[in-house]
Amino acid sequence: MRVPIRHIAGHLVWSTHGSVWAIYRLHPGPDAHGRQEETVQGTYVPAAVRDEQLAKVTHLIRSLSGAPRLFGLCAQVDPGEIALRMIEGIEPRETAVDGPHPWVENVEATVKLLGEQEMHRRTLWLAVPLPSEAAGGQVTASLGAMWADVAPMLGMRAAPVARREVTSYREQASRVEAALAGGVAFRPARPAEIVWMIQHAVHRGLDEPLLTEAEVCDLYGGQLRAGMLHSPSYADFGQVRLQEGGVDPTLEDIDDLAGGDRIGRSGRRTWWRLKTSSPLRRRWLLVESDAGVGYQAHVALAECPPAVSQDAADLFAQLETLDFPVDYTVDLALVPAEKAREQVRRKKNELVDQADQYDARPTGMPASLTDAARDLGELDARLSRTSVEVEVQSVTVLSVWGPTAAVCDARARALAALLGGADYRAVRPAGLQEALFALGLPGTARPGVVREFTQHQVSEDWALGGAFTLAEVGDPGGMFLGIDLDCGTTRPVMVNVADAPKQDASASMGVVGDLGAGKSVLEKLISEAVWARGGVAICIDRTPVREWAAFAHTAAKGRCQIIDAAQAEVSIDPLRMFDGPEGRHYALSYLTLQLGIGPMSTSGEVLHHAVERAAAGNAPSMHRVVEVLEEMARAEPGRRQDAAATLAGLIRVVAGSPLAAMVFDPTLPPVRLDASHASDMIVITTAGLKLPPKAAFDKPEVLHQQPLEALIGRAVLYLIAAIARQTAFEDPERFTAVVLDELYWLTSSAEGTALVHEILHDGRKHGAGLLAGSHNADELGPDRGLMAYRALARTSSRERARRGLEFLGLDPNDPELLRLVTTGLSPVGQRGREGEFLITCPRQNTGRVKVVIPRIERISSSITTTPGRRTTTSASAPLADAASGDRPKDL
């Protein structure tokens, strides 16, 4: 095979056919400095966003001219790439700790899980041919192309390019870039990426060079020396043998046939003498390189439906649903509206002539002429609507591949079936496989034989196909959360809540779903990833079974701290936990809340002095406040004496309750809040604490009549919220996640609502985020719109499902989305379907994800709460079966 490239200068390519192309990477993602250039959409987008994207692509097509070419290539992804993305940004431990970094185990488990999967990522490339404005430029280009054909036979290199020619084409490219501005995000392709496009085409069905390496490679580019462009040789990339309909030894037993070895090398012997199958049945291309032998099949679109609804027109997006990767190449010829209208008028005249001829026949005029006249009339009207409209004449080639001819052939048939179901007619032409393969190489001219597959559409209709659209879900790096269910192949989904504040986004997440839908498992996985990656997780656990405490004991063994509000094993005395004004503030607020007194009353003034005196002593504590009040009752005159005696008596009543022992018992050890040194996961269990009903907070007289344990629970909850807030905001350099599962219990009180409000509003500045779970989106509070991460699990109630979809930013009245949420996510009773979510991340990309529990004993042994069943940890269970589309059983 001959490489179609003579020279590469930056993103400019001089081809062996005499043309010069400018190649651009579309949707490039973060640049070399980590800046994000665009917001990547997910699979599910609101109608307004879809219309905006359609308008941008239509504008892009109308701004181009000539014959650009679009490449949609599936770059192979290695598990090592996922590992590198998982460890990016992880800092080494500052203190010496036995054993490896805790995140290493997660990375190793992920690599082992993804080791045998066929993974890829869709990349888009736009190649634009550049016209030459120099006098005689076309002649010079043709002579250069001719010399490129002759030079290898003479043992000479291709002719260099003058600096002025390079400068001229760079100016042409800058005009193209100005025209592209306002459409999709793009950047000039790097020389190594252009070479990778050829390597990818050659290595389909084999282990190919990774695009990740090409993105940071500085090789393969030409250099200007002495006024001339000199490029390295690209001939070695063409050391490939192409054979259309090549015999696959796994299908044809050629070893037992005379001359079979010569068939495997040259294919010159007649097939019927060797009893092999007919070449018409071997409609694939054998590509042999030093890496091995791969088989490719190239399918051309021969006919598009005359009309298709907007919801079903996304042909290229539907390719992602297949369980194997598909490349596509779209060769475009953009015809201005006026010229296209002339062609339409000519076709109308031809139809009139045909109608006159049919009138003379007894059978009359066929109905197809009437349909053709109607279509031409509609096309003429649309071309006349605006002068900037263009007609898109496109040749679309879809490519599949496999390690064997049988796999390749099966995939080609599955692709044709998918297209046929959408009313697209696809053909796999015998004898043209090599020509269709060549069309997918950058810098090649369109073979004349493929023009028969040209399709005619106006720009907006062509844009509906979604060829310029990429769909992703999750973050660029972070923890491995699960698998993208909207992609037929294995596509990992990653989430990094700790990195969101560094990207000027909120790190808070809301999880909504039915009982048993997997909310707690998702929260536990993210919490475990936070502490293992170097952050802190603070969890308030209200469940009677203390599920978060059990999970912390195993998942963060030796690095966790359990605070049991009912057992009173540690003290949360604010005067013992906090120093200075903070301790006095929390102590006074707690006591006024517990006793139900106003801070500006006589009792409030007495209590303030008692707290100040207790805090100023050698051993400040809440027990000391009671002693100070008793001293004031003996020494102070008048009303202050009565107030001090009353307050001391009331506090004695509260302190006598076991629920308040962790506040007033001076013998208990205080909670350690230096989380960066003491523990990475702090769990505060509130089982046993009761709160007043939500209706009581609106009526003070009802609130004062509540049982003592409810009033104590409300005040203790205030101190718990203070602990969580203080720890979360202590060190802005270390990310802290405050986990509040079943949020309704906390937000039923004003103190809990204040904690949620403060973290949502101020968490980003302090490197903190809220991780909240609830059964109803409304229970997340009025500030739930500030959550950048949002997850929706199975919700059987249609009304709650609508609120959940609205929380995600999707259309709450879309019947397909409602069906998906109510019955399509984690259906009850279907093993292996657990843990399915709709997830939205800060880049506003929403997709369907299956959460995967790592096969790590310390995590999987206690993460689920299903009675009588726990997650198995077998490392031999496969992640997914690419042929059947099965997904792993993880929750």
# chains A, B, ... in the order shown; residues from 1 in each chain; ligands from 1
>>> residues_around(residues="segment 719-734 of chain A", least_positions_apart="2", cutoff="8 Å", atoms="only C-alpha atoms", output="list in words")
Gly534, Gly535, Val536, Ile538, Ile572, Pro574, Tyr586, Tyr590, Leu673, Asp674, Ala675, Ile684, Ala715, Val716, Leu717, Thr736, Ala737, Val738, Glu751, Gly752, Leu755, Ile759, Gly763, Lys765, His766, Gly767 and Ala768 of chain A
>>> residues_around(residues="Glu547 of chain A", least_positions_apart="4", cutoff="12 Å", atoms="only C-alpha atoms", output="list in words")
Ser520, Val521, Lys524, Cys539, Ile540, Asp541, Arg542, Thr543, Phe551, Ala552, His553, Thr554, Ala555, Ile562, Val683, Ile684, Thr685, Thr686, Ala687, Asp741, Ser861, Ser862, Ile863, Thr864, Thr865, Thr866 and Pro867 of chain A
>>> residues_around(residues="segment 620-636 of chain A", least_positions_apart="6", cutoff="6 Å", atoms="only C-alpha atoms", output="ChimeraX atom specification")
/A:575-576,610-611,614,644-645,648,664
>>> residues_around(residues="Asp423 of chain A", least_positions_apart="2", cutoff="7 Å", atoms="only C-alpha atoms", output="PyMOL selection string")
chain A and resi 304-305+419-421+425
>>> atom_distance(atom1="atom CA of Leu114 of chain A", atom2="atom CA of Pro79 of chain A")
6.0 Å
>>> residues_around(residues="Gly221 of chain A", least_positions_apart="5", cutoff="9 Å", atoms="only C-alpha atoms", output="PyMOL selection string")
chain A and resi 7-11+190-192+230-232
>>> select_by_dssp(residues="segment 649-817 of chain A", states="helix (DSSP H, G or I)", output="count of residues only")
90
>>> residues_around(residues="segment 450-462 of chain A", least_positions_apart="2", cutoff="9 Å", atoms="only C-alpha atoms", output="ChimeraX atom specification")
/A:54-55,57-59,61-62,300-304,310,313,334,379,382-383,389-396,432,435-436,446-448,464-467
>>> residues_around(residues="Thr43 of chain A", least_positions_apart="4", cutoff="9 Å", atoms="only C-alpha atoms", output="list in words")
Ala317, Leu470, Ala471, Glu472, Val473, Asp486, Asn845, Thr846, Gly847 and Arg848 of chain A
>>> closest_residue(among="A:Ala67, A:Leu60, A:Val45, A:Leu285", to="Pro429 of chain A", atoms="only C-alpha atoms")
A:Leu285
>>> closest_atom_pairs(of="segment 502-561 of chain A", to="segment 80-92 of chain A", cutoff="12 Å", atoms="only C-alpha atoms", output="CSV")
residue,atom,partner,partner_atom,distance
A:Lys502,CA,A:Gly89,CA,11.3
A:Ala529,CA,A:Met86,CA,10.4
A:Val530,CA,A:Ile90,CA,10.9
A:Trp531,CA,A:Ile90,CA,11.3
A:Ala532,CA,A:Ile90,CA,9.6
A:Arg533,CA,A:Ile90,CA,6.2
A:Gly534,CA,A:Ile90,CA,7.3
A:Gly535,CA,A:Ile90,CA,10.1
>>> atom_distance(atom1="atom CA of Ser289 of chain A", atom2="atom CA of Pro249 of chain A")
16.5 Å
